[in-house]
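S.K.: Below you'll find target-v3.txt; it's compact mmCIF, C-alpha atoms and all ligand atoms.
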# COMPACT_ATOMS: atom_id res chain seq x y z
CA MET A 87 33.76 -53.90 109.80
CA ASN A 88 34.93 -56.35 107.12
CA ARG A 89 36.51 -59.14 109.07
CA VAL A 90 37.86 -62.63 109.40
CA LYS A 91 34.98 -65.11 109.35
CA LEU A 92 34.51 -68.67 110.59
CA ASP A 93 32.56 -71.41 108.81
CA TYR A 94 32.13 -74.69 110.71
CA SER A 95 29.31 -76.10 108.58
CA LYS A 96 31.59 -78.93 107.37
CA VAL A 97 32.11 -80.02 110.98
CA LEU A 98 28.39 -80.67 111.65
CA PRO A 99 28.34 -84.15 110.04
CA PHE A 100 30.81 -85.13 112.82
CA VAL A 101 29.72 -83.14 115.88
CA GLY A 102 26.21 -81.64 116.11
CA GLU A 103 25.20 -78.15 117.24
CA LYS A 104 24.10 -79.64 120.58
CA GLU A 105 27.62 -80.91 121.34
CA ILE A 106 29.08 -77.61 120.20
CA SER A 107 26.64 -75.64 122.35
CA ALA A 108 27.69 -77.68 125.36
CA ARG A 109 31.27 -76.52 124.76
CA ARG A 110 30.12 -72.95 124.19
CA GLU A 111 29.01 -72.87 127.82
CA LYS A 112 32.51 -73.99 128.84
CA ALA A 113 33.92 -71.39 126.45
CA SER A 114 31.91 -68.65 128.14
CA GLN A 115 33.26 -69.74 131.52
CA ALA A 116 36.82 -69.77 130.12
CA LEU A 117 36.31 -66.30 128.63
CA LYS A 118 35.14 -65.01 132.02
CA GLY A 119 38.29 -66.45 133.58
CA LEU A 120 40.39 -64.48 131.09
CA GLU A 121 38.44 -61.24 131.41
CA ASN A 122 38.39 -61.22 135.23
CA GLY A 123 41.87 -62.68 135.66
CA THR A 124 40.84 -65.76 137.62
CA CYS A 125 42.14 -68.34 135.09
CA LYS A 126 45.31 -70.40 135.58
CA GLY A 127 48.38 -68.43 134.48
CA SER A 128 46.56 -65.13 134.96
CA GLU A 129 49.89 -63.36 135.48
CA PHE A 130 50.32 -63.64 131.69
CA LEU A 131 47.16 -61.91 130.47
CA GLY A 132 48.84 -58.74 129.22
CA TRP A 133 48.07 -59.74 125.61
CA LEU A 134 44.30 -59.49 126.19
CA ASP A 135 44.11 -55.69 125.90
CA LEU A 136 47.53 -55.13 124.39
CA PRO A 137 46.24 -53.76 121.04
CA ALA A 138 44.38 -50.91 122.76
CA ARG A 139 47.28 -50.25 125.15
CA ILE A 140 49.90 -49.67 122.48
CA THR A 141 50.40 -45.90 122.31
CA SER A 142 51.02 -43.88 119.19
CA GLU A 143 54.24 -42.65 120.82
CA GLU A 144 55.48 -46.24 121.16
CA LEU A 145 54.62 -46.89 117.50
CA ASP A 146 56.45 -43.67 116.58
CA ARG A 147 59.52 -44.89 118.49
CA ILE A 148 59.41 -48.29 116.79
CA GLU A 149 58.99 -46.73 113.35
CA ALA A 150 61.82 -44.24 113.99
CA CYS A 151 64.17 -47.04 115.03
CA ALA A 152 63.18 -49.07 111.96
CA ALA A 153 63.71 -46.09 109.67
CA ARG A 154 67.15 -45.48 111.20
CA LEU A 155 68.24 -49.10 110.73
CA ARG A 156 66.81 -49.18 107.21
CA ALA A 157 68.80 -46.05 106.31
CA GLU A 158 72.06 -47.18 107.95
CA THR A 159 72.20 -50.80 106.80
CA ASP A 160 71.88 -53.06 103.81
CA VAL A 161 70.26 -55.76 105.92
CA VAL A 162 69.16 -56.34 109.53
CA VAL A 163 69.46 -59.75 111.18
CA ILE A 164 66.48 -60.57 113.39
CA VAL A 165 67.82 -62.87 116.14
CA GLY A 166 65.23 -64.84 118.11
CA ILE A 167 63.44 -68.16 118.41
CA GLY A 168 59.85 -69.32 119.07
CA GLY A 169 57.60 -66.40 119.90
CA SER A 170 60.63 -64.12 119.53
CA TYR A 171 60.66 -64.64 115.78
CA LEU A 172 57.59 -66.48 114.48
CA GLY A 173 55.14 -63.57 114.63
CA ALA A 174 57.46 -61.26 112.73
CA LYS A 175 58.33 -64.02 110.25
CA ALA A 176 54.64 -64.75 109.70
CA VAL A 177 53.81 -61.14 108.85
CA ILE A 178 56.90 -60.55 106.73
CA GLU A 179 56.42 -63.74 104.71
CA SER A 180 52.73 -62.92 104.22
CA MET A 181 53.38 -59.37 103.05
CA ALA A 182 56.61 -59.70 101.06
CA GLY A 183 56.65 -60.47 97.37
CA SER A 184 57.32 -64.17 96.76
CA PHE A 185 60.73 -63.43 95.24
CA ASP A 186 61.74 -60.26 97.08
CA ALA A 187 64.53 -62.16 98.81
CA PHE A 188 66.34 -62.48 95.50
CA SER A 189 66.35 -58.74 94.90
CA GLY A 190 67.89 -57.76 98.23
CA THR A 191 65.87 -58.50 101.32
CA LYS A 192 65.94 -56.08 104.26
CA VAL A 193 65.70 -58.70 106.99
CA VAL A 194 67.14 -62.14 107.53
CA PHE A 195 66.66 -64.38 110.55
CA ALA A 196 69.08 -66.14 112.89
CA GLY A 197 69.03 -67.67 116.36
CA HIS A 198 66.06 -69.86 115.45
CA ASN A 199 68.37 -72.85 115.12
CA VAL A 200 71.88 -73.77 116.17
CA SER A 201 73.01 -75.02 112.76
CA GLU A 202 76.70 -74.50 112.13
CA ASP A 203 76.31 -74.39 108.35
CA TYR A 204 73.39 -71.93 108.54
CA LEU A 205 75.36 -69.58 110.79
CA TYR A 206 78.56 -69.94 108.75
CA GLU A 207 76.72 -69.18 105.52
CA LEU A 208 74.95 -66.22 107.14
CA GLN A 209 78.29 -64.76 108.24
CA GLU A 210 79.64 -65.22 104.71
CA PHE A 211 76.52 -63.46 103.37
CA LEU A 212 77.10 -60.53 105.76
CA LYS A 213 80.84 -60.15 105.10
CA ASP A 214 80.39 -57.51 102.39
CA LYS A 215 77.32 -55.83 103.89
CA LYS A 216 76.53 -53.05 106.33
CA PHE A 217 74.28 -54.92 108.72
CA GLY A 218 72.34 -54.36 111.90
CA ILE A 219 71.13 -56.77 114.57
CA CYS A 220 67.75 -56.84 116.26
CA VAL A 221 68.25 -59.35 119.08
CA ILE A 222 65.05 -60.54 120.76
CA SER A 223 64.73 -62.65 123.88
CA LYS A 224 62.22 -62.24 126.67
CA SER A 225 64.26 -64.35 129.10
CA GLY A 226 67.54 -63.11 127.64
CA THR A 227 69.09 -66.54 128.18
CA THR A 228 67.77 -68.81 125.39
CA THR A 229 70.76 -70.67 123.97
CA GLU A 230 70.05 -70.56 120.23
CA PRO A 231 69.67 -66.76 119.87
CA ALA A 232 72.47 -66.20 122.40
CA VAL A 233 74.94 -68.25 120.33
CA ALA A 234 73.88 -66.48 117.11
CA PHE A 235 74.09 -63.06 118.75
CA ARG A 236 77.58 -63.74 120.14
CA LEU A 237 78.80 -64.67 116.62
CA LEU A 238 77.08 -61.72 114.88
CA LYS A 239 78.08 -59.14 117.49
CA GLU A 240 81.72 -60.23 117.14
CA GLN A 241 81.46 -60.01 113.34
CA LEU A 242 79.79 -56.59 113.45
CA ILE A 243 82.47 -55.22 115.77
CA GLY A 244 85.12 -56.74 113.51
CA GLN A 245 83.62 -55.13 110.42
CA GLU A 246 82.52 -51.75 111.84
CA GLY A 247 84.18 -51.20 115.24
CA VAL A 248 82.60 -51.07 118.71
CA GLN A 249 81.10 -47.59 118.45
CA VAL A 250 79.20 -48.26 115.23
CA SER A 251 78.14 -51.69 116.49
CA ARG A 252 76.45 -50.02 119.44
CA GLN A 253 74.34 -47.98 117.04
CA ARG A 254 73.47 -50.97 114.86
CA ILE A 255 72.35 -53.33 117.64
CA VAL A 256 68.85 -53.06 119.11
CA ALA A 257 67.73 -55.38 121.91
CA ILE A 258 64.14 -56.37 122.74
CA THR A 259 63.93 -58.01 126.12
CA ASP A 260 62.71 -57.80 129.71
CA GLU A 261 62.49 -54.32 131.23
CA ARG A 262 64.76 -55.10 134.17
CA LYS A 263 66.14 -58.65 134.33
CA GLY A 264 68.02 -61.23 132.26
CA ALA A 265 71.38 -61.50 130.54
CA LEU A 266 70.30 -59.58 127.44
CA ARG A 267 68.99 -56.66 129.52
CA ALA A 268 72.31 -56.55 131.42
CA LEU A 269 74.35 -56.65 128.19
CA ALA A 270 72.19 -54.05 126.44
CA ASP A 271 72.45 -51.66 129.38
CA LYS A 272 76.22 -52.19 129.66
CA GLU A 273 76.76 -51.58 125.92
CA GLY A 274 74.20 -48.83 125.58
CA TYR A 275 72.08 -50.52 122.91
CA GLN A 276 68.70 -49.03 122.08
CA THR A 277 66.15 -51.30 123.74
CA PHE A 278 62.45 -52.09 123.60
CA VAL A 279 60.56 -53.89 126.33
CA ILE A 280 58.60 -57.13 126.26
CA PRO A 281 55.97 -56.60 128.98
CA ASP A 282 56.36 -59.00 131.93
CA ASN A 283 52.74 -60.14 131.59
CA VAL A 284 52.93 -61.06 127.89
CA GLY A 285 54.32 -64.53 127.12
CA GLY A 286 56.57 -65.12 124.12
CA ARG A 287 53.98 -66.84 121.94
CA TYR A 288 51.54 -63.97 122.57
CA SER A 289 54.08 -61.23 121.88
CA VAL A 290 53.63 -60.55 118.14
CA LEU A 291 51.89 -57.22 118.88
CA THR A 292 54.69 -56.04 121.19
CA PRO A 293 58.00 -54.67 119.79
CA VAL A 294 58.98 -58.35 119.34
CA GLY A 295 56.85 -58.50 116.23
CA LEU A 296 56.37 -54.83 115.46
CA LEU A 297 60.00 -53.71 115.15
CA PRO A 298 61.10 -56.46 112.68
CA VAL A 299 57.90 -55.92 110.66
CA ALA A 300 58.60 -52.17 110.53
CA ILE A 301 62.25 -52.79 109.56
CA ALA A 302 60.96 -54.96 106.71
CA GLY A 303 58.91 -51.96 105.58
CA HIS A 304 55.38 -53.11 106.45
CA ASP A 305 52.52 -51.28 108.15
CA ILE A 306 52.57 -51.97 111.90
CA ARG A 307 49.76 -49.47 112.58
CA ALA A 308 47.42 -51.50 110.35
CA LEU A 309 48.54 -54.70 112.10
CA VAL A 310 47.72 -53.23 115.52
CA LYS A 311 44.44 -51.73 114.24
CA GLY A 312 43.29 -55.09 112.96
CA ALA A 313 43.98 -56.71 116.32
CA ALA A 314 42.31 -53.83 118.18
CA ASP A 315 39.22 -54.04 115.97
CA MET A 316 38.99 -57.79 116.52
CA ARG A 317 39.24 -57.19 120.29
CA THR A 318 36.48 -54.57 120.10
CA TYR A 319 34.33 -56.84 117.93
CA GLY A 320 34.82 -59.63 120.45
CA LYS A 321 33.87 -57.43 123.38
CA GLU A 322 30.62 -56.51 121.63
CA ASN A 323 29.54 -60.13 121.13
CA GLY A 324 31.06 -62.33 123.80
CA ALA A 325 34.09 -63.16 121.67
CA GLU A 326 31.68 -65.08 119.41
CA LEU A 327 34.25 -65.88 116.71
CA SER A 328 37.04 -67.07 119.01
CA ALA A 329 34.67 -68.81 121.41
CA THR A 330 33.04 -70.71 118.55
CA TYR A 331 36.38 -71.88 117.15
CA ALA A 332 37.45 -72.95 120.66
CA ALA A 333 34.14 -74.75 121.28
CA VAL A 334 34.18 -76.54 117.91
CA ARG A 335 37.77 -77.72 118.19
CA ASN A 336 37.22 -78.99 121.74
CA ALA A 337 34.02 -80.79 120.74
CA LEU A 338 36.02 -82.51 117.98
CA TYR A 339 38.89 -83.29 120.38
CA GLU A 340 36.50 -84.94 122.83
CA LYS A 341 35.22 -87.12 119.98
CA GLY A 342 38.72 -88.39 119.23
CA TYR A 343 39.89 -85.88 116.62
CA THR A 344 43.18 -85.19 118.36
CA ILE A 345 45.21 -83.69 115.51
CA GLU A 346 44.37 -80.31 113.93
CA ILE A 347 45.94 -79.54 110.59
CA THR A 348 46.00 -75.86 109.66
CA VAL A 349 45.80 -75.72 105.88
CA ASN A 350 46.63 -72.85 103.56
CA PHE A 351 46.09 -72.54 99.81
CA ASN A 352 48.41 -69.51 99.71
CA PRO A 353 52.09 -70.32 100.39
CA LYS A 354 52.60 -66.88 101.95
CA LEU A 355 50.61 -68.15 104.94
CA HIS A 356 53.09 -70.95 105.71
CA TYR A 357 54.61 -69.09 108.65
CA VAL A 358 51.22 -68.01 109.98
CA ALA A 359 50.70 -71.75 110.52
CA GLU A 360 54.14 -72.05 112.13
CA TRP A 361 53.19 -69.20 114.51
CA TRP A 362 49.84 -70.89 115.18
CA LYS A 363 51.58 -74.22 115.95
CA GLN A 364 53.65 -72.67 118.72
CA LEU A 365 50.70 -70.70 120.10
CA TYR A 366 48.43 -73.76 120.36
CA GLY A 367 51.01 -76.49 120.91
CA GLU A 368 52.86 -74.65 123.68
CA SER A 369 49.59 -73.46 125.26
CA GLU A 370 47.63 -76.76 125.27
CA GLY A 371 50.15 -79.62 125.13
CA LYS A 372 50.20 -80.33 128.88
CA GLU A 373 49.17 -83.11 131.34
CA HIS A 374 49.30 -85.51 128.36
CA LYS A 375 46.34 -83.62 126.89
CA GLY A 376 45.77 -81.29 123.95
CA ILE A 377 45.16 -81.21 120.21
CA PHE A 378 48.40 -81.76 118.27
CA PRO A 379 48.88 -78.78 115.90
CA ALA A 380 50.09 -79.66 112.40
CA SER A 381 50.12 -77.78 109.11
CA VAL A 382 50.23 -78.33 105.36
CA ASP A 383 50.56 -76.09 102.30
CA PHE A 384 47.90 -76.95 99.68
CA THR A 385 47.62 -77.81 96.92
CA THR A 386 51.39 -78.55 97.12
CA ASP A 387 51.07 -81.06 99.95
CA LEU A 388 48.05 -82.74 98.41
CA HIS A 389 50.75 -84.46 96.37
CA SER A 390 52.59 -85.67 99.45
CA MET A 391 50.23 -85.71 102.46
CA GLY A 392 46.97 -85.94 100.52
CA GLN A 393 46.85 -89.74 100.61
CA TYR A 394 47.20 -89.89 104.40
CA ILE A 395 44.67 -87.16 105.04
CA GLN A 396 42.15 -88.79 102.69
CA GLU A 397 42.54 -92.39 103.89
CA GLY A 398 44.78 -92.61 106.98
CA ARG A 399 43.79 -92.70 110.67
CA ARG A 400 40.54 -90.81 111.32
CA ASP A 401 41.84 -88.72 114.19
CA LEU A 402 42.42 -85.59 112.09
CA PHE A 403 40.48 -82.42 111.48
CA GLU A 404 41.42 -79.50 109.26
CA THR A 405 41.17 -75.74 109.64
CA VAL A 406 41.53 -74.15 106.21
CA LEU A 407 42.81 -70.56 106.03
CA SER A 408 41.11 -69.20 102.92
CA VAL A 409 42.12 -65.80 101.49
CA GLU A 410 39.13 -64.39 99.61
CA LYS A 411 40.84 -61.81 97.39
CA THR A 412 44.22 -62.21 95.72
CA LYS A 413 46.62 -59.29 95.38
CA HIS A 414 47.09 -59.81 91.63
CA GLN A 415 45.10 -61.16 88.66
CA LEU A 416 46.29 -63.74 86.16
CA LEU A 417 44.33 -65.73 83.53
CA VAL A 418 44.97 -69.19 82.13
CA PRO A 419 46.16 -68.70 78.54
CA CYS A 420 44.48 -70.34 75.56
CA ASP A 421 46.61 -72.65 73.39
CA ALA A 422 45.80 -73.23 69.72
CA HIS A 423 46.92 -76.89 69.84
CA ASP A 424 45.53 -77.70 73.31
CA LEU A 425 47.79 -80.77 73.54
CA ASP A 426 47.66 -80.46 77.36
CA LYS A 427 43.83 -80.36 77.15
CA LEU A 428 43.75 -77.26 79.41
CA ASN A 429 41.73 -75.06 77.10
CA TYR A 430 38.68 -75.72 79.28
CA LEU A 431 40.43 -73.42 81.74
CA ALA A 432 41.42 -70.79 79.18
CA GLY A 433 40.45 -67.28 80.26
CA LYS A 434 39.70 -68.36 83.84
CA ARG A 435 41.45 -66.66 86.79
CA ILE A 436 44.17 -68.81 88.30
CA ASP A 437 42.55 -68.10 91.67
CA GLU A 438 39.33 -69.71 90.41
CA VAL A 439 41.31 -72.89 89.85
CA ASN A 440 42.77 -72.56 93.37
CA LYS A 441 39.40 -71.91 94.97
CA MET A 442 37.81 -74.90 93.22
CA ALA A 443 40.77 -77.02 94.34
CA GLU A 444 40.11 -75.77 97.87
CA LEU A 445 36.39 -76.62 97.73
CA GLY A 446 37.01 -79.94 96.00
CA THR A 447 39.56 -80.88 98.65
CA GLN A 448 37.27 -79.91 101.53
CA LEU A 449 34.43 -82.00 100.06
CA ALA A 450 36.75 -84.99 99.47
CA HIS A 451 38.21 -84.82 102.98
CA VAL A 452 34.78 -84.48 104.63
CA ASP A 453 33.62 -87.48 102.57
CA GLY A 454 36.75 -89.28 103.77
CA GLY A 455 35.87 -88.56 107.42
CA VAL A 456 37.93 -85.41 108.12
CA PRO A 457 35.94 -82.56 109.73
CA ASN A 458 36.68 -79.20 108.12
CA ILE A 459 36.64 -75.73 109.68
CA ARG A 460 37.19 -72.73 107.38
CA VAL A 461 38.66 -69.41 108.49
CA VAL A 462 38.05 -66.81 105.79
CA ILE A 463 40.48 -63.87 105.51
CA PRO A 464 39.15 -61.07 103.21
CA GLU A 465 42.63 -60.34 101.82
CA LEU A 466 46.24 -60.72 102.87
CA THR A 467 47.02 -57.37 104.47
CA GLU A 468 48.62 -56.31 107.74
CA TYR A 469 45.16 -55.25 108.95
CA TYR A 470 43.56 -58.65 108.47
CA LEU A 471 46.65 -60.42 109.82
CA GLY A 472 46.17 -58.35 112.96
CA GLN A 473 42.55 -59.52 113.13
CA LEU A 474 43.64 -63.11 112.57
CA PHE A 475 46.36 -63.02 115.23
CA TYR A 476 43.98 -61.65 117.83
CA PHE A 477 41.22 -64.09 116.86
CA TYR A 478 43.65 -66.99 117.36
CA GLU A 479 45.17 -65.61 120.58
CA LEU A 480 41.75 -65.14 122.23
CA ALA A 481 40.54 -68.52 120.96
CA CYS A 482 43.67 -70.13 122.38
CA GLY A 483 43.10 -68.57 125.79
CA ILE A 484 39.52 -69.85 125.73
CA SER A 485 40.43 -73.28 124.37
CA GLY A 486 43.08 -73.85 127.03
CA GLY A 487 40.51 -72.89 129.63
CA ILE A 488 38.05 -75.46 128.26
CA LEU A 489 40.84 -78.08 128.30
CA GLY A 490 41.60 -77.17 131.91
CA VAL A 491 45.35 -76.56 131.57
CA ASN A 492 47.49 -73.55 132.38
CA THR A 493 47.43 -72.02 128.90
CA PHE A 494 50.21 -69.54 129.61
CA ASP A 495 53.17 -71.49 130.98
CA GLN A 496 55.55 -73.87 129.21
CA PRO A 497 57.27 -76.07 131.81
CA GLY A 498 57.94 -78.81 129.27
CA VAL A 499 60.42 -76.73 127.29
CA GLU A 500 63.01 -76.93 130.09
CA ALA A 501 63.60 -80.70 129.73
CA TYR A 502 65.69 -80.60 126.54
CA LYS A 503 67.53 -77.53 127.72
CA ASN A 504 68.63 -79.19 130.99
CA ASN A 505 69.86 -82.28 129.14
CA MET A 506 71.65 -80.17 126.56
CA PHE A 507 73.34 -78.11 129.28
CA MET A 508 74.40 -81.29 131.14
CA LEU A 509 75.75 -82.86 127.93
CA LEU A 510 77.64 -79.66 127.11
CA GLY A 511 79.14 -79.53 130.59
CA LYS A 512 77.41 -76.31 131.70
CA PRO A 513 78.40 -75.70 135.34
CA GLY A 514 75.74 -76.76 137.83
CA TYR A 515 74.01 -79.22 135.48
CA GLY A 516 75.78 -82.37 136.72
CA LYS A 517 77.02 -85.26 134.56
O1 LIG A 601 62.16 -64.95 124.07
P1 LIG A 601 62.91 -66.04 124.77
O2 LIG A 601 62.89 -65.90 126.25
O3 LIG A 601 64.30 -66.20 124.21
O4 LIG A 601 62.13 -67.42 124.48
C1 LIG A 601 61.99 -67.84 123.15
C2 LIG A 601 61.00 -68.98 123.11
O5 LIG A 601 61.45 -70.07 123.93
C3 LIG A 601 60.37 -70.53 124.72
O6 LIG A 601 60.51 -69.98 126.00
C4 LIG A 601 60.40 -72.04 124.78
O7 LIG A 601 61.69 -72.44 125.20
C5 LIG A 601 59.13 -69.99 124.08
O8 LIG A 601 58.03 -69.94 124.96
C6 LIG A 601 59.61 -68.63 123.66
O9 LIG A 601 58.78 -68.03 122.69
Please lay out the structure from this file as structure tokens.
Ligand SMILES: O=P(O)(O)OC[C@H]1O[C@](O)(CO)[C@@H](O)[C@@H]1O

M.R.:
Amino acid sequence: MNRVKLDYSKVLPFVGEKEISARREKASQALKGLENGTCKGSEFLGWLDLPARITSEELDRIEACAARLRAETDVVVIVGIGGSYLGAKAVIESMAGSFDAFSGTKVVFAGHNVSEDYLYELQEFLKDKKFGICVISKSGTTTEPAVAFRLLKEQLIGQEGVQVSRQRIVAITDERKGALRALADKEGYQTFVIPDNVGGRYSVLTPVGLLPVAIAGHDIRALVKGAADMRTYGKENGAELSATYAAVRNALYEKGYTIEITVNFNPKLHYVAEWWKQLYGESEGKEHKGIFPASVDFTTDLHSMGQYIQEGRRDLFETVLSVEKTKHQLLVPCDAHDLDKLNYLAGKRIDEVNKMAELGTQLAHVDGGVPNIRVVIPELTEYYLGQLFYFYELACGISGGILGVNTFDQPGVEAYKNNMFMLLGKPGYGK
């Protein structure tokens, strides 16, 4: 099986194999805790075998719903925040053409902020369009998507009437409880279920990620297959890939490298890093512990963040997402006058320039004292994204186990919500 690979050779000048092996033992213990359900937060382990559990009938149902919405609408608004939008956004941004949005995109996002101008401008954009809404919330009560959904539902009813709106709204939420479940059942919306035992940041392979990706016209069966193959591969070798990444990053953390920067050299991966930041930040940032997840887009950000990474505080390490094969081919043109002195590149693939920038940057940052992990993705397809998602999910479960936190809860997210509710005068939240 051609697969995602891990190269931690550029970490060894900072932490030796012995230190990494010591964490591998902890990783094996953490993996056992996941596999036999004895870890903290074990009520949220539904993601572990999710890829194999997804039935062809469920994929059929998701694809049929996507086809219906694609046929009936000009655009579908995906309403959700955190894990209820980042997985879908990551796949869609990775698979879409860089300028597709300018030639009529099929999906737009809302509910991932509570910006008045964003929502106003979205409503203006939708005024002359036949649109659908895919509203996603596991709890069914998160404020940002709820505000966006209230606005968009009202607009859809205003533009198309109640009956049509009921056909154009699909809800993805809890099977039985929550405000969105109650509303969807009352209005008769088509619904899909987020399994109780799958947390939001682990839900990309549930309808949360799969339906928006299918609406956008991408291959959800390949996405699931990639994740399933990575699960199978892991079962055959003690989750070697994920356990190694977890062991290496924890060995670095224990040596004072407390910030991990996920780097891409392909801008389409920007939202994969955003998805990764929630997965790792919300899983590990507890008890005043955890590696802070950051991200940069190279070589773009080498012209903004490059100085800090090269010569700032030495508490950083990088994980570079490297896509081996580009989708297209393009050569540097030759110029008769060569006034820009670029003819030394003439005839070379643009990707060769990018790959040498990647290697040159890794070498410079290692020389500057920044350990470098490299995750190699054969090519940017739904299949390899599925592998990558599962690799990161399993590694996160293991890494949180090594850190000793409950990887699967997120108590800290309630603090801002309670203050916001109190400040907004929500009943029962005091003054
Ligand atoms: O799907 P929901 O319940 O609206 O939650 C959205 C996001 O908000 C969080 O609960 C944090 O507030 C994340 O864990 C989750 O992915």

S.K.: Sort by chain and increasing residue number a table of all residues of chain A within 7 Å of ligand LIG 601 (chain A), each with its closest pair of atoms and their distance in Å to one decimal, counting all atoms listed in the file, and write it as JSON lines.

M.R.:
{"residue": "A:Gly166", "atom": "CA", "partner": "A:LIG601", "partner_atom": "O3", "distance": 6.3}
{"residue": "A:Ile167", "atom": "CA", "partner": "A:LIG601", "partner_atom": "C1", "distance": 5.0}
{"residue": "A:Gly168", "atom": "CA", "partner": "A:LIG601", "partner_atom": "O9", "distance": 4.0}
{"residue": "A:Gly169", "atom": "CA", "partner": "A:LIG601", "partner_atom": "O9", "distance": 3.4}
{"residue": "A:Ser170", "atom": "CA", "partner": "A:LIG601", "partner_atom": "O1", "distance": 4.9}
{"residue": "A:Ile222", "atom": "CA", "partner": "A:LIG601", "partner_atom": "O1", "distance": 6.2}
{"residue": "A:Ser223", "atom": "CA", "partner": "A:LIG601", "partner_atom": "O1", "distance": 3.5}
{"residue": "A:Lys224", "atom": "CA", "partner": "A:LIG601", "partner_atom": "O2", "distance": 3.7}
{"residue": "A:Ser225", "atom": "CA", "partner": "A:LIG601", "partner_atom": "O2", "distance": 3.5}
{"residue": "A:Gly226", "atom": "CA", "partner": "A:LIG601", "partner_atom": "O2", "distance": 5.6}
{"residue": "A:Thr227", "atom": "CA", "partner": "A:LIG601", "partner_atom": "O3", "distance": 6.2}
{"residue": "A:Thr228", "atom": "CA", "partner": "A:LIG601", "partner_atom": "O3", "distance": 4.5}
{"residue": "A:Pro231", "atom": "CA", "partner": "A:LIG601", "partner_atom": "O3", "distance": 6.9}
{"residue": "A:Gly285", "atom": "CA", "partner": "A:LIG601", "partner_atom": "O8", "distance": 6.9}
{"residue": "A:Gly286", "atom": "CA", "partner": "A:LIG601", "partner_atom": "O9", "distance": 3.9}
{"residue": "A:Arg287", "atom": "CA", "partner": "A:LIG601", "partner_atom": "O9", "distance": 5.0}
{"residue": "A:Gln496", "atom": "CA", "partner": "A:LIG601", "partner_atom": "O8", "distance": 6.3}
{"residue": "A:Val499", "atom": "CA", "partner": "A:LIG601", "partner_atom": "O7", "distance": 4.9}
{"residue": "A:Glu500", "atom": "CA", "partner": "A:LIG601", "partner_atom": "O7", "distance": 6.8}

S.K.: Find, counting all atoms listed in the file, the residue in A:Val248, A:Pro137, A:Val290, A:Leu296 that gets nearest to Glu273 (chain A).

M.R.: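 Of A:Val248, A:Pro137, A:Val290, A:Leu296, the one nearest Glu273 (chain A), counting all atoms listed in the file, is A:Val248.
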
S.K.: Find, counting all atoms listed in the file, the residue in A:Gln415, A:Gln276, A:Thr330, A:Gln393 that gets nearest to Glu111 (chain A).

M.R.: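 For Glu111 (chain A), the nearest of the candidates is A:Thr330.
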
S.K.: Residues at most 9 Å from region 406-414 of chain A, counting only C-alpha atoms, excluding those fewer than 4 positions away in the same chain, as a list in words?

M.R.: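 Contacts, in chain order: Ile347, Thr348, Val349, Asn350, Phe351, Asn352, Leu355, Asp437, Lys441, Glu444, Gln448, Asn458, Ile459, Arg460, Val461, Val462, Ile463, Pro464, Glu465 and Leu466 of chain A.
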
S.K.: Show me as a VMD selection string the residues that reach within 10 Å of (40.6, -66.2, 116.6), counting all atoms listed in the file and using the file's own coordinates.

M.R.: chain A and resid 90 to 92 316 to 317 320 325 to 332 461 473 to 484

S.K.: Restricting the calculation to all atoms listed in the file, which member of A:Thr447, A:Thr259, A:Ser128, A:Thr385 is positioned closest to Thr277 (chain A)?

M.R.: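 For Thr277 (chain A), the nearest of the given residues is A:Thr259.
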
S.K.: For CA of Gly324 (chain A) and CA of Pro379 (chain A), quote the distance in Å rounded to one decimal.

M.R.: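 CA of Gly324 (chain A) sits 25.5 Å away from CA of Pro379 (chain A).
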
S.K.: Got a sec: who's within 12 Å of Gly183 (chain A), counting only C-alpha atoms, leaving out chain neighbours fewer than 3 positions off, as a compact mmCIF listing (two decimals) with C-alpha atoms, in the coordinates of the input?

M.R.:
# COMPACT_ATOMS: atom_id res chain seq x y z
CA VAL A 177 53.81 -61.14 108.85
CA ILE A 178 56.90 -60.55 106.73
CA GLU A 179 56.42 -63.74 104.71
CA SER A 180 52.73 -62.92 104.22
CA ASP A 186 61.74 -60.26 97.08
CA ALA A 187 64.53 -62.16 98.81
CA PHE A 188 66.34 -62.48 95.50
CA SER A 189 66.35 -58.74 94.90
CA GLY A 190 67.89 -57.76 98.23
CA THR A 191 65.87 -58.50 101.32
CA ALA A 302 60.96 -54.96 106.71
CA HIS A 304 55.38 -53.11 106.45
CA PRO A 353 52.09 -70.32 100.39
CA LYS A 354 52.60 -66.88 101.95
CA LYS A 413 46.62 -59.29 95.38
CA HIS A 414 47.09 -59.81 91.63
CA LEU A 466 46.24 -60.72 102.87

S.K.: List as a PyMOL selection string the residues having at least one atom at most 9 Å from position (55.3, -63.0, 127.7) as given in the file, counting all atoms listed in the file.

M.R.: chain A and resi 130-133+169+224+280-289+494

S.K.: For the residues in the current selection, export C-alpha atoms as a compact mmCIF listing (two decimals), in the coordinates of the input.

M.R.:
# COMPACT_ATOMS: atom_id res chain seq x y z
CA PHE A 130 50.32 -63.64 131.69
CA LEU A 131 47.16 -61.91 130.47
CA GLY A 132 48.84 -58.74 129.22
CA TRP A 133 48.07 -59.74 125.61
CA GLY A 169 57.60 -66.40 119.90
CA LYS A 224 62.22 -62.24 126.67
CA ILE A 280 58.60 -57.13 126.26
CA PRO A 281 55.97 -56.60 128.98
CA ASP A 282 56.36 -59.00 131.93
CA ASN A 283 52.74 -60.14 131.59
CA VAL A 284 52.93 -61.06 127.89
CA GLY A 285 54.32 -64.53 127.12
CA GLY A 286 56.57 -65.12 124.12
CA ARG A 287 53.98 -66.84 121.94
CA TYR A 288 51.54 -63.97 122.57
CA SER A 289 54.08 -61.23 121.88
CA PHE A 494 50.21 -69.54 129.61
